[in-house]
Every structure is written in structure tokens, then in C-alpha cells.
$ cat work_14.tsv   # TSV, C-alpha atoms
chain	number	residue	atom	x	y	z
A	1	MET	CA	0.00	0.00	0.00
A	2	VAL	CA	1.19	3.52	-0.78
A	3	LEU	CA	1.43	6.15	1.96
A	4	LEU	CA	1.07	9.82	1.05
A	5	VAL	CA	2.72	12.00	3.69
A	6	ALA	CA	2.03	15.71	4.09
A	7	ALA	CA	2.69	18.28	6.79
A	8	GLU	CA	-0.88	19.52	7.11
A	9	GLY	CA	-4.35	18.23	6.43
A	10	ARG	CA	-4.87	21.14	4.02
A	11	GLU	CA	-2.21	19.61	1.77
A	12	LEU	CA	-4.23	16.41	1.64
A	13	ALA	CA	-7.54	18.14	0.93
A	14	GLY	CA	-7.07	18.29	-2.83
A	15	VAL	CA	-6.26	14.59	-3.01
A	16	LEU	CA	-9.17	13.59	-0.77
A	17	ARG	CA	-11.56	15.33	-3.18
A	18	HIS	CA	-10.76	12.58	-5.68
A	19	CYS	CA	-10.92	9.70	-3.21
A	20	VAL	CA	-13.75	7.29	-2.53
A	21	CYS	CA	-14.32	4.88	0.35
A	22	ARG	CA	-12.68	7.35	2.74
A	23	GLU	CA	-12.09	6.10	6.27
A	24	ARG	CA	-10.73	8.32	9.04
A	25	LEU	CA	-8.00	6.53	11.01
A	26	ARG	CA	-7.39	7.06	14.72
A	27	TRP	CA	-3.61	6.97	14.74
A	28	GLY	CA	-2.93	9.88	17.07
A	29	LEU	CA	-1.81	12.04	14.12
A	30	ALA	CA	-3.18	15.39	13.01
A	31	ALA	CA	-4.85	13.63	10.07
A	32	ALA	CA	-4.90	10.06	8.79
A	33	TRP	CA	-7.09	8.41	6.17
A	34	ARG	CA	-7.45	5.18	4.25
A	35	ALA	CA	-9.10	5.73	0.87
A	36	VAL	CA	-9.28	4.62	-2.73
A	37	LEU	CA	-7.59	6.91	-5.27
A	38	ASN	CA	-7.78	6.12	-8.97
A	39	GLY	CA	-8.76	2.53	-8.17
A	40	GLN	CA	-5.88	2.06	-5.73
A	41	THR	CA	-6.13	1.83	-1.93
A	42	VAL	CA	-3.85	4.41	-0.33
A	43	LEU	CA	-3.06	5.90	3.06
A	44	LEU	CA	-2.92	9.66	3.58
A	45	ALA	CA	-1.46	11.17	6.73
A	46	ALA	CA	-0.09	14.43	8.15
A	47	ASP	CA	1.26	15.45	11.55
A	48	GLY	CA	3.02	18.78	11.20
A	49	PRO	CA	6.03	20.40	9.50
A	50	GLY	CA	9.65	19.31	9.64
A	51	ARG	CA	11.69	16.18	9.12
A	52	ILE	CA	11.12	14.69	12.58
A	53	LEU	CA	7.34	14.81	12.45
A	54	ALA	CA	7.29	13.58	8.85
A	55	ALA	CA	9.49	10.60	9.68
A	56	GLY	CA	7.18	9.83	12.61
A	57	VAL	CA	4.21	9.62	10.24
A	58	VAL	CA	6.00	6.96	8.19
A	59	ARG	CA	6.86	4.94	11.30
A	60	THR	CA	3.33	5.16	12.63
A	61	ALA	CA	1.81	4.02	9.34
A	62	CYS	CA	4.23	1.10	9.02
A	63	GLN	CA	3.38	-0.07	12.52
A	64	ARG	CA	-0.29	-0.33	11.56
A	65	GLU	CA	-0.39	-1.18	7.87
A	66	ARG	CA	1.60	-3.02	5.24
A	67	VAL	CA	3.23	-0.02	3.57
A	68	ARG	CA	5.42	-0.59	0.55
A	69	GLY	CA	6.02	2.95	-0.67
A	70	ALA	CA	5.99	6.48	0.74
A	71	ILE	CA	5.31	9.65	-1.24
A	72	SER	CA	6.12	13.05	0.23
A	73	ILE	CA	3.47	15.48	-1.00
A	74	GLY	CA	2.47	19.07	-0.30
A	75	TRP	CA	3.73	22.55	-0.96
A	76	CYS	CA	7.23	23.71	-1.82
A	77	GLY	CA	8.89	27.04	-2.43
A	78	ALA	CA	10.50	27.67	-5.80
A	79	LEU	CA	14.23	28.34	-5.94
A	80	ASP	CA	14.36	28.17	-9.73
A	81	ALA	CA	12.99	31.41	-11.16
A	82	GLU	CA	11.32	29.44	-13.98
A	83	LEU	CA	9.04	27.60	-11.54
A	84	ALA	CA	5.69	29.34	-11.07
A	85	PRO	CA	3.11	28.90	-8.30
A	86	GLY	CA	0.79	26.03	-9.15
A	87	GLU	CA	3.36	24.02	-11.11
A	88	ILE	CA	4.01	20.42	-10.11
A	89	LEU	CA	7.56	19.44	-9.21
A	90	VAL	CA	8.62	15.80	-9.01
A	91	ALA	CA	11.93	15.52	-7.18
A	92	TRP	CA	14.36	13.07	-8.71
A	93	ARG	CA	16.63	13.75	-5.75
A	94	VAL	CA	15.99	15.06	-2.23
A	95	GLU	CA	18.85	16.37	-0.12
A	96	THR	CA	19.39	17.97	3.26
A	97	GLU	CA	20.56	21.55	3.63
A	98	ASP	CA	23.94	20.53	5.05
A	99	GLY	CA	24.56	18.29	2.05
A	100	THR	CA	25.20	15.14	4.10
A	101	GLU	CA	22.13	13.15	2.97
A	102	PHE	CA	20.86	12.44	-0.54
A	103	TYR	CA	17.87	10.34	-1.57
A	104	ALA	CA	16.73	9.34	-5.04
A	105	GLY	CA	13.05	9.66	-5.86
A	106	THR	CA	11.05	7.83	-8.51
A	107	ALA	CA	8.44	9.57	-10.65
A	108	PRO	CA	4.81	8.42	-10.67
A	109	ARG	CA	3.44	7.17	-13.97
A	110	THR	CA	1.30	9.87	-15.52
A	111	GLU	CA	0.57	11.58	-18.82
A	112	ARG	CA	0.16	14.95	-17.13
A	113	PRO	CA	3.05	17.42	-17.48
A	114	PHE	CA	5.33	18.17	-14.55
A	115	ARG	CA	8.71	19.67	-13.81
A	116	ALA	CA	11.56	17.56	-12.41
A	117	GLY	CA	14.45	18.70	-10.26
A	118	VAL	CA	16.36	18.54	-6.99
A	119	LEU	CA	14.53	19.48	-3.80
A	120	VAL	CA	16.35	20.59	-0.64
A	121	THR	CA	14.78	20.09	2.80
A	122	VAL	CA	15.34	22.67	5.54
A	123	ASP	CA	13.86	22.96	9.03
A	124	ARG	CA	12.33	26.41	8.67
A	125	VAL	CA	10.12	28.46	6.41
A	126	VAL	CA	12.29	30.11	3.77
A	127	SER	CA	10.54	33.45	3.50
A	128	THR	CA	12.83	35.80	1.55
A	129	ALA	CA	13.99	35.92	-2.04
A	130	GLN	CA	17.55	36.43	-0.78
A	131	GLU	CA	17.54	33.20	1.22
A	132	LYS	CA	16.01	31.33	-1.72
A	133	ALA	CA	18.78	32.62	-3.98
A	134	GLY	CA	21.37	31.26	-1.56
A	135	LEU	CA	19.81	27.80	-1.64
A	136	ARG	CA	19.51	27.97	-5.42
A	137	GLU	CA	23.29	28.26	-5.74
A	138	ARG	CA	23.60	24.59	-4.77
A	139	GLY	CA	21.50	23.59	-7.80
A	140	ALA	CA	18.20	22.82	-6.09
A	141	ALA	CA	14.97	23.74	-7.88
A	142	ALA	CA	12.76	24.00	-4.81
A	143	VAL	CA	12.73	23.86	-1.01
A	144	ASP	CA	10.49	22.13	1.52
A	145	MET	CA	10.53	21.07	5.17
A	146	GLU	CA	9.63	17.35	5.21
A	147	ALA	CA	10.74	15.34	2.18
A	148	ALA	CA	14.16	14.33	3.49
A	149	GLY	CA	12.55	13.05	6.68
A	150	VAL	CA	10.13	10.88	4.69
A	151	ALA	CA	12.95	9.70	2.42
A	152	ALA	CA	15.27	8.81	5.30
A	153	GLU	CA	12.62	6.76	7.09
A	154	ALA	CA	11.57	5.09	3.85
A	155	ALA	CA	15.19	4.10	3.20
A	156	ARG	CA	15.55	2.75	6.75
A	157	LEU	CA	12.42	0.63	6.36
A	158	GLY	CA	13.16	-0.51	2.81
A	159	LEU	CA	10.24	1.34	1.21
A	160	GLY	CA	10.00	2.91	-2.21
A	161	PHE	CA	10.13	6.71	-2.20
A	162	SER	CA	8.74	9.50	-4.36
A	163	CYS	CA	8.29	13.22	-3.85
A	164	VAL	CA	5.54	15.19	-5.60
A	165	ARG	CA	5.17	18.86	-4.69
A	166	VAL	CA	3.19	21.84	-5.88
A	167	VAL	CA	4.88	25.24	-5.96
A	168	LEU	CA	3.32	27.64	-3.46
A	169	ASP	CA	5.60	30.66	-3.81
A	170	ALA	CA	7.92	31.87	-6.55
A	171	ALA	CA	11.67	32.31	-6.16
A	172	GLY	CA	11.42	36.09	-6.19
A	173	GLU	CA	8.63	36.35	-3.63
A	174	ASN	CA	9.07	37.51	-0.04
A	175	LEU	CA	6.72	36.38	2.71
A	176	GLY	CA	5.88	39.21	5.08
A	177	LEU	CA	4.37	36.95	7.74
A	178	ASP	CA	6.89	35.44	10.18
A	179	LEU	CA	5.72	31.83	10.13
A	180	ASN	CA	8.82	30.59	11.92
A	181	ALA	CA	7.80	32.63	14.98
A	182	ALA	CA	4.43	30.89	14.86
A	183	ARG	CA	5.90	27.43	15.47
A	184	GLY	CA	5.68	25.84	18.88
A	185	GLU	CA	8.20	23.65	20.71
A	186	ASN	CA	6.90	20.61	18.85
A	187	GLY	CA	7.51	22.36	15.52
A	188	ARG	CA	3.86	22.68	14.58
A	189	PHE	CA	2.36	25.95	13.41
A	190	SER	CA	-0.08	27.78	15.65
A	191	ARG	CA	-2.93	29.36	13.70
A	192	ARG	CA	-3.51	31.66	16.64
A	193	LYS	CA	0.07	32.95	16.44
A	194	ILE	CA	-0.16	33.35	12.67
A	195	LEU	CA	-3.31	35.45	13.03
A	196	ALA	CA	-1.79	37.46	15.87
A	197	GLY	CA	1.26	38.17	13.72
A	198	ALA	CA	-0.93	39.38	10.87
A	199	LEU	CA	-2.90	41.65	13.21
A	200	LYS	CA	0.25	43.43	14.41
A	201	ARG	CA	0.21	45.27	11.08
A	202	PRO	CA	-3.36	44.65	9.93
A	203	TRP	CA	-3.20	46.95	6.90
A	204	ARG	CA	-0.49	44.70	5.52
A	205	GLY	CA	-0.75	41.43	7.40
A	206	VAL	CA	-4.46	40.73	6.95
A	207	PRO	CA	-4.51	41.15	3.12
A	208	GLU	CA	-1.38	39.03	2.85
A	209	LEU	CA	-2.87	36.32	5.04
A	210	ALA	CA	-6.00	36.30	2.87
A	211	ARG	CA	-3.91	36.12	-0.31
A	212	TRP	CA	-1.89	33.17	0.95
A	213	ALA	CA	-4.99	31.37	2.23
A	214	TRP	CA	-6.45	31.62	-1.27
A	215	ARG	CA	-3.26	30.35	-2.88
A	216	VAL	CA	-3.05	27.48	-0.39
A	217	ARG	CA	-6.50	26.28	-1.45
A	218	VAL	CA	-5.82	26.63	-5.16
A	219	THR	CA	-2.45	24.87	-5.13
A	220	ALA	CA	-3.71	22.03	-2.91
A	221	ARG	CA	-6.44	21.43	-5.46
A	222	LEU	CA	-3.94	21.41	-8.33
A	223	LEU	CA	-1.80	18.88	-6.48
A	224	GLY	CA	-4.83	16.68	-5.92
A	225	ASP	CA	-5.81	16.88	-9.58
A	226	PHE	CA	-2.32	15.78	-10.58
A	227	LEU	CA	-2.09	12.87	-8.16
A	228	ALA	CA	-5.59	11.68	-9.07
A	229	GLU	CA	-4.35	10.91	-12.59
A	230	CYS	CA	-1.15	9.17	-11.49
A	231	GLN	CA	-0.47	5.48	-11.15
A	232	LEU	CA	1.27	5.43	-7.77
A	233	ALA	CA	3.89	2.68	-7.72
A	234	ASP	CA	4.54	0.92	-4.44

$ encode --input "work_14.tsv" --output "C-alpha cells"
Amino acid sequence: MVLLVAAEGRELAGVLRHCVCRERLRWGLAAAWRAVLNGQTVLLAADGPGRILAAGVVRTACQRERVRGAISIGWCGALDAELAPGEILVAWRVETEDGTEFYAGTAPRTERPFRAGVLVTVDRVVSTAQEKAGLRERGAAAVDMEAAGVAAEAARLGLGFSCVRVVLDAAGENLGLDLNAARGENGRFSRRKILAGALKRPWRGVPELARWAWRVRVTARLLGDFLAECQLAD
């Protein structure tokens, strides 16, 4: 069975739209489902941002089900200026920021177009164009927070691994909201802190929050549309 791992339930929402026979699973995670996608039974789970939480999702699923492959899905930030918000990126390699870990990813079988490239995993929200440019110098096309954690745990457990991401923000975009300050000790984002941060400068923060909320919904739907037409190998 294939496991689709995201950071947040909102990243799974677009995929769940295409699923039938959905069953909510009580695994102690933020979200966990068993469902049928494109005629194939899959697991979908999320438990927060970052490598540690993502790896924990893989372990939890493998303790309860016969998992043969793990796919890291969700949003990513573009480092390549040619990548636009809404585009699908399939990572043929995932690496850590310090360059000590590298993981190969396989591409799902699909006739839909996608971009391919290297994805680098960091443990923070990369919110400025300047920081993105620095990461781009190493040759990565996009950045995320979880894929290397999923890949490492998949390798440890002998599972297949893929990474399918949708671009949320362009390489030249700056994020005015300080999402890193909105993370708790467990690494998860606090919606209360995000809203409070936006309200500190409401004339700027509230419109930006609304703009990103809209883009989050749109890109999650695009990701779901893509995955719904894939044959997910396990």
C-alpha cells in the first residue's frame, strides 16, 4: 500500500476530493485516512512540518499497515525562477541543507506534465527571495521542510520513495508573515500565532494572510488533480 505523507491536512484536501471509500483513522496524528484513489487503496497522513514529524508519520503508518512505498506530498517554495506557483515538481533527488544526505526519488506514472528537479529540505520556512537565492546556488529547484525526513525513514524501512510537490511561492517572492515565529516547541504551526502576527500590522498582514490562504487552497487542489491521474507505484 502507498502512503502519502504531508505536513498539514490542508495539503491532503485536494487529493481527498478525488478519493472514494474514505475512512478516518485514529492513529494519534493530526490527520490520517485510508481511501481509494484512482482505483488504488492508499493511506494519507499528516502530523506537522519538519523532518522529525514527517518521519514519525512513516513509522506510525508502518506499525499499523503493510506499507510498501511512501510519497512526500504538499507545498514547496520555488528556488528556480522558472518555476511558477501552481506548477508540479517531481523531485528526482531530495537532499538535506547541510549536504550530508541524498535520496533518489522515482516519478509516478502519468501523462500529465510536470517539472523535475532537486529538492532541498530545511527545518524552517524560507521566507525571503535572498535566502532562496542562496539555496539555489547549490542547484536545487525547490525547497520544503519534510521530504528528506520521509525519504530517510523510507530508506531505513526498505520502502519505495517518491516526492511530488506543488509550488506555493515563486523564487522572487518575499513572505511578510513570520511563520517561523508561529511554530511551537513541537515544531507545529499555531494558527492563533499566525493570526496574531498578521494583526500586528493589519493593513499589511491581513490582506497578505487572505492572499496566501487563497493560494493554499488553489495549489492544494492542483496537487490533488495531478495525483488523481497518477499510477502510484509501491

$ axis_aligned_box --input "work_14.tsv" --around "stretch 9-14 of chain A" --padding-each-side "6 Å" --output "AutoDock Vina command-line options"
--center_x -4.9 --center_y 18.8 --center_z 1.8 --size_x 17.3 --size_y 16.7 --size_z 21.3

$ residues_around --input "work_14.tsv" --residues "A:Arg24" --least-positions-apart "6" --cutoff "9 Å" --atoms "all atoms listed in the file" --output "list in words"
Ala31, Ala32, Trp33, Arg34 and Ala35 of chain A

$ closest_residue --input "work_14.tsv" --among "A:Ala129, A:Ala13, A:Val67, A:Ala148" --to "A:Gly99" --atoms "all atoms listed in the file"
A:Ala148

$ atom_distance --input "work_14.tsv" --atom1 "atom CA of A:Arg59" --atom2 "atom CA of A:Arg109"
25.6 Å

$ closest_residue --input "work_14.tsv" --among "A:Gly9, A:Gly187, A:Gly158, A:Pro108" --to "A:Gly74" --atoms "all atoms listed in the file"
A:Gly9

$ atom_distance --input "work_14.tsv" --atom1 "atom CA of A:Asn186" --atom2 "atom CA of A:Gly149"
15.4 Å

$ closest_residue --input "work_14.tsv" --among "A:Val94, A:Leu37, A:Ala6, A:Ala141" --to "A:Cys21" --atoms "only C-alpha atoms"
A:Leu37

$ closest_residue --input "work_14.tsv" --among "A:Arg115, A:Arg156, A:Arg124, A:Lys132" --to "A:Ala171" --atoms "all atoms listed in the file"
A:Lys132

$ closest_residue --input "work_14.tsv" --among "A:Phe102, A:Val36, A:Gln63, A:Val5" --to "A:Cys19" --atoms "all atoms listed in the file"
A:Val36

$ residues_near_point --input "work_14.tsv" --point "(6.5, 16.2, 9.2)" --cutoff "8 Å" --atoms "only C-alpha atoms" --output "CSV table (one decimal) with C-alpha atoms, in the coordinates of the input"
chain,number,residue,atom,x,y,z
A,5,VAL,CA,2.7,12.0,3.7
A,6,ALA,CA,2.0,15.7,4.1
A,7,ALA,CA,2.7,18.3,6.8
A,46,ALA,CA,-0.1,14.4,8.2
A,47,ASP,CA,1.3,15.4,11.6
A,48,GLY,CA,3.0,18.8,11.2
A,49,PRO,CA,6.0,20.4,9.5
A,50,GLY,CA,9.6,19.3,9.6
A,51,ARG,CA,11.7,16.2,9.1
A,52,ILE,CA,11.1,14.7,12.6
A,53,LEU,CA,7.3,14.8,12.4
A,54,ALA,CA,7.3,13.6,8.8
A,55,ALA,CA,9.5,10.6,9.7
A,56,GLY,CA,7.2,9.8,12.6
A,57,VAL,CA,4.2,9.6,10.2
A,145,MET,CA,10.5,21.1,5.2
A,146,GLU,CA,9.6,17.4,5.2
A,149,GLY,CA,12.6,13.0,6.7
A,150,VAL,CA,10.1,10.9,4.7

$ atom_distance --input "work_14.tsv" --atom1 "atom CA of A:Glu153" --atom2 "atom CA of A:Pro85"
28.6 Å

$ closest_residue --input "work_14.tsv" --among "A:Arg64, A:Arg165, A:Gly139, A:Val20" --to "A:Cys76" --atoms "only C-alpha atoms"
A:Arg165

$ residues_around --input "work_14.tsv" --residues "A:Glu97" --least-positions-apart "6" --cutoff "7 Å" --atoms "all atoms listed in the file" --output "MDAnalysis selection string"
chainID A and resid 120:122

$ residues_around --input "work_14.tsv" --residues "A:Glu65" --least-positions-apart "5" --cutoff "10 Å" --atoms "only C-alpha atoms" --output "PyMOL selection string"
chain A and resi 1-3+43+60
